[in-house]
Amino acid sequence: MEKTLSIIKPDAVKKNVIGKIIDRFESNGLRIAAMKKVQLSQSDAQEFYAIHKSRPFFNDLVTFMVSGPVVVMVLEGLNAVAKNRELMGATNPKEAAAGTIRADFAESIDANAVHGSDSLENAEKEIKFFFAEREIC
Ligand code: ATP
Ligand code: MG
């Protein structure tokens, strides 16, 4: 069993498709071990995406992530990190495989509906960033 962090980004929350996205996870063997809706601050978003600090798109990414509330979840299941990434689809929705979350709910590489941890190591860090131990069931 693995745990991974998922974020339903502001574009998808605005579109009111939280439930439809969660259904993709639950229908594909992942369970929700923790969940909350939060408005990220500028410094939250900067810290969370610090790995991309030197990229040209960093400021736009931070601005987008604070543009509205997000839903943050811990997903649990067999190979949860890779499974979540597979269900999400490619970063650019135009390149995302048919039937993936980004192909179905995202508009652009900036507003791409979901975040998912890209490794087990980052999943552990990202989960700690958002959740206290007692919030994860
Ligand atoms: P995320 O980390 O959000 O799950 P990802 O792992 O698929 O997405 P990353 O390479 O980690 O992709 O990039 C983080 C985010 O930065 C992407 O989700 C996307 O919104 C934005 N981004 C990545 N590459 C570009 C780019 N070339 N132009 C604009 N935005 C980008
Ligand atoms: Mg990433």
# chains A, B, ... in the order shown; residues from 1 in each chain; ligands from 1

call {"tool": "select_by_dssp", "arguments": {"residues": "chain A", "states": "helix (DSSP H, G or I)", "output": "ChimeraX atom specification"}}
result
/A:10-14,18-27,42-48,50-52,58-65,80-88,93-95,101-105,120-130,133-135

call {"tool": "residues_near_ligand", "arguments": {"ligand": "ligand 1", "cutoff": "6 Å", "atoms": "only C-alpha atoms and all ligand atoms", "output": "number ranges by chain"}}
result
A: 57, 61, 91, 109-112, 115-116

call {"tool": "write_last_selection", "arguments": {"atoms": "C-alpha atoms", "output": "JSON list (two decimals), in the first residue's frame"}}
result
[["chain", "number", "residue", "atom", "x", "y", "z"],
["A", 57, "PHE", "CA", 6.26, 29.53, -15.46],
["A", 61, "LEU", "CA", 1.78, 28.67, -11.52],
["A", 91, "THR", "CA", 0.75, 17.64, -17.75],
["A", 109, "ILE", "CA", -1.08, 23.32, -19.32],
["A", 110, "ASP", "CA", -1.58, 26.13, -16.77],
["A", 111, "ALA", "CA", -5.08, 25.15, -15.68],
["A", 112, "ASN", "CA", -4.73, 21.39, -15.67],
["A", 115, "HIS", "CA", -1.80, 17.73, -9.09],
["A", 116, "GLY", "CA", -0.32, 14.38, -8.11]]

call {"tool": "residues_near_ligand", "arguments": {"ligand": "ligand 2", "cutoff": "10 Å", "atoms": "only C-alpha atoms and all ligand atoms", "output": "VMD selection string"}}
result
chain A and resid 49 51 to 52 85 91 114 to 119 122

call {"tool": "write_last_selection", "arguments": {"atoms": "N, CA and C atoms", "output": "PDB file, in the first residue's frame"}}
result
ATOM      1  N   TYR A  49       5.400  24.440  -4.460  1.00  0.00           N
ATOM      2  CA  TYR A  49       5.994  24.263  -5.790  1.00  0.00           C
ATOM      3  C   TYR A  49       7.433  24.788  -5.847  1.00  0.00           C
ATOM      4  N   ILE A  51      10.163  23.438  -5.906  1.00  0.00           N
ATOM      5  CA  ILE A  51      10.991  22.671  -6.848  1.00  0.00           C
ATOM      6  C   ILE A  51      11.038  23.333  -8.235  1.00  0.00           C
ATOM      7  N   HIS A  52       9.992  24.130  -8.556  1.00  0.00           N
ATOM      8  CA  HIS A  52       9.913  24.793  -9.871  1.00  0.00           C
ATOM      9  C   HIS A  52      10.296  26.276  -9.821  1.00  0.00           C
ATOM     10  N   ARG A  85      -0.949   9.152 -11.108  1.00  0.00           N
ATOM     11  CA  ARG A  85      -0.362   9.827 -12.274  1.00  0.00           C
ATOM     12  C   ARG A  85      -0.985   9.289 -13.575  1.00  0.00           C
ATOM     13  N   THR A  91       0.807  16.268 -18.274  1.00  0.00           N
ATOM     14  CA  THR A  91       0.746  17.641 -17.745  1.00  0.00           C
ATOM     15  C   THR A  91      -0.041  18.564 -18.676  1.00  0.00           C
ATOM     16  N   VAL A 114      -5.628  18.927 -11.913  1.00  0.00           N
ATOM     17  CA  VAL A 114      -5.158  18.137 -10.766  1.00  0.00           C
ATOM     18  C   VAL A 114      -3.635  18.177 -10.619  1.00  0.00           C
ATOM     19  N   HIS A 115      -3.211  17.975  -9.403  1.00  0.00           N
ATOM     20  CA  HIS A 115      -1.800  17.727  -9.092  1.00  0.00           C
ATOM     21  C   HIS A 115      -1.700  16.327  -8.506  1.00  0.00           C
ATOM     22  N   GLY A 116      -0.594  15.653  -8.771  1.00  0.00           N
ATOM     23  CA  GLY A 116      -0.318  14.383  -8.113  1.00  0.00           C
ATOM     24  C   GLY A 116       1.163  14.272  -7.817  1.00  0.00           C
ATOM     25  N   SER A 117       1.500  13.752  -6.653  1.00  0.00           N
ATOM     26  CA  SER A 117       2.917  13.552  -6.307  1.00  0.00           C
ATOM     27  C   SER A 117       3.584  12.711  -7.384  1.00  0.00           C
ATOM     28  N   ASP A 118       4.868  13.023  -7.685  1.00  0.00           N
ATOM     29  CA  ASP A 118       5.545  12.306  -8.771  1.00  0.00           C
ATOM     30  C   ASP A 118       6.478  11.199  -8.292  1.00  0.00           C
ATOM     31  N   SER A 119       6.616  11.021  -6.976  1.00  0.00           N
ATOM     32  CA  SER A 119       7.427   9.919  -6.439  1.00  0.00           C
ATOM     33  C   SER A 119       6.958   9.653  -5.010  1.00  0.00           C
ATOM     34  N   ASN A 122       8.467  12.287  -2.671  1.00  0.00           N
ATOM     35  CA  ASN A 122       7.755  13.565  -2.699  1.00  0.00           C
ATOM     36  C   ASN A 122       6.351  13.440  -2.112  1.00  0.00           C
TER      37      ASN A 122
END

call {"tool": "atom_distance", "arguments": {"atom1": "atom CA of A:Ala82", "atom2": "atom CA of A:Glu107"}}
result
22.7 Å

call {"tool": "closest_residue", "arguments": {"among": "A:Met35, A:Ala90, A:Ile101, A:Leu40", "to": "A:Ile21", "atoms": "only C-alpha atoms"}}
result
A:Ile101

call {"tool": "closest_residue", "arguments": {"among": "A:Leu78, A:Leu5, A:Ala12, A:Val38", "to": "A:Ser108", "atoms": "only C-alpha atoms"}}
result
A:Ala12

call {"tool": "residues_around", "arguments": {"residues": "A:Gln42", "least_positions_apart": "5", "cutoff": "8 Å", "atoms": "only C-alpha atoms", "output": "list in words"}}
result
Val62, Thr63 and Val66 of chain A

call {"tool": "decode", "arguments": {"residues": "stretch 55-80 of chain A", "atoms": "N, CA, C and O atoms", "output": "compact mmCIF listing (two decimals), in the first residue's frame"}}
result
# COMPACT_ATOMS: atom_id res chain seq x y z
N ARG A 55 11.88 27.99 -12.78
CA ARG A 55 11.25 27.81 -14.09
C ARG A 55 10.55 29.10 -14.52
O ARG A 55 10.03 29.84 -13.68
N PRO A 56 10.48 29.34 -15.82
CA PRO A 56 9.84 30.58 -16.31
C PRO A 56 8.35 30.67 -15.95
O PRO A 56 7.81 31.77 -15.85
N PHE A 57 7.70 29.52 -15.74
CA PHE A 57 6.26 29.53 -15.46
C PHE A 57 5.93 29.60 -13.97
O PHE A 57 4.76 29.54 -13.59
N PHE A 58 6.96 29.73 -13.11
CA PHE A 58 6.74 29.65 -11.66
C PHE A 58 5.71 30.67 -11.14
O PHE A 58 4.77 30.31 -10.42
N ASN A 59 5.88 31.94 -11.52
CA ASN A 59 4.96 32.97 -11.00
C ASN A 59 3.53 32.74 -11.46
O ASN A 59 2.58 32.89 -10.67
N ASP A 60 3.37 32.34 -12.73
CA ASP A 60 2.02 32.05 -13.24
C ASP A 60 1.40 30.86 -12.50
O ASP A 60 0.21 30.85 -12.21
N LEU A 61 2.24 29.87 -12.22
CA LEU A 61 1.78 28.67 -11.52
C LEU A 61 1.28 29.04 -10.12
O LEU A 61 0.19 28.62 -9.69
N VAL A 62 2.05 29.86 -9.41
CA VAL A 62 1.67 30.28 -8.05
C VAL A 62 0.38 31.11 -8.11
O VAL A 62 -0.56 30.89 -7.33
N THR A 63 0.32 32.06 -9.05
CA THR A 63 -0.88 32.90 -9.19
C THR A 63 -2.12 32.04 -9.45
O THR A 63 -3.18 32.26 -8.86
N PHE A 64 -1.95 31.05 -10.31
CA PHE A 64 -3.07 30.14 -10.60
C PHE A 64 -3.49 29.35 -9.37
O PHE A 64 -4.69 29.23 -9.06
N MET A 65 -2.53 28.83 -8.63
CA MET A 65 -2.85 27.97 -7.48
C MET A 65 -3.54 28.71 -6.34
O MET A 65 -4.19 28.10 -5.50
N VAL A 66 -3.40 30.05 -6.31
CA VAL A 66 -4.07 30.84 -5.26
C VAL A 66 -5.33 31.53 -5.81
O VAL A 66 -5.96 32.30 -5.10
N SER A 67 -5.69 31.24 -7.06
CA SER A 67 -6.81 31.94 -7.70
C SER A 67 -8.18 31.50 -7.18
O SER A 67 -9.20 32.09 -7.53
N GLY A 68 -8.21 30.47 -6.35
CA GLY A 68 -9.46 29.98 -5.77
C GLY A 68 -9.14 28.79 -4.89
O GLY A 68 -8.00 28.32 -4.89
N PRO A 69 -10.14 28.29 -4.16
CA PRO A 69 -9.87 27.15 -3.28
C PRO A 69 -9.49 25.88 -4.05
O PRO A 69 -9.83 25.73 -5.23
N VAL A 70 -8.78 25.01 -3.37
CA VAL A 70 -8.39 23.70 -3.91
C VAL A 70 -8.88 22.62 -2.95
O VAL A 70 -9.19 22.91 -1.79
N VAL A 71 -8.97 21.40 -3.44
CA VAL A 71 -9.28 20.26 -2.57
C VAL A 71 -8.03 19.39 -2.51
O VAL A 71 -7.50 18.98 -3.55
N VAL A 72 -7.56 19.17 -1.29
CA VAL A 72 -6.33 18.40 -1.08
C VAL A 72 -6.70 17.05 -0.48
O VAL A 72 -7.51 16.99 0.45
N MET A 73 -6.13 16.00 -1.05
CA MET A 73 -6.47 14.65 -0.59
C MET A 73 -5.23 13.77 -0.45
O MET A 73 -4.30 13.92 -1.22
N VAL A 74 -5.32 12.85 0.50
CA VAL A 74 -4.36 11.74 0.52
C VAL A 74 -5.08 10.54 -0.09
O VAL A 74 -6.16 10.17 0.37
N LEU A 75 -4.51 10.00 -1.16
CA LEU A 75 -5.06 8.80 -1.79
C LEU A 75 -4.22 7.61 -1.37
O LEU A 75 -2.99 7.70 -1.31
N GLU A 76 -4.91 6.50 -1.10
CA GLU A 76 -4.21 5.31 -0.62
C GLU A 76 -4.58 4.12 -1.50
O GLU A 76 -5.75 3.98 -1.89
N GLY A 77 -3.60 3.29 -1.80
CA GLY A 77 -3.89 2.09 -2.58
C GLY A 77 -2.61 1.45 -3.09
O GLY A 77 -1.51 1.94 -2.84
N LEU A 78 -2.79 0.36 -3.82
CA LEU A 78 -1.64 -0.33 -4.43
C LEU A 78 -1.02 0.57 -5.48
O LEU A 78 -1.73 1.08 -6.34
N ASN A 79 0.29 0.78 -5.39
CA ASN A 79 0.98 1.65 -6.36
C ASN A 79 0.28 2.99 -6.55
O ASN A 79 0.12 3.48 -7.68
N ALA A 80 -0.15 3.59 -5.44
CA ALA A 80 -0.99 4.80 -5.50
C ALA A 80 -0.32 5.95 -6.26
O ALA A 80 -1.00 6.68 -6.97
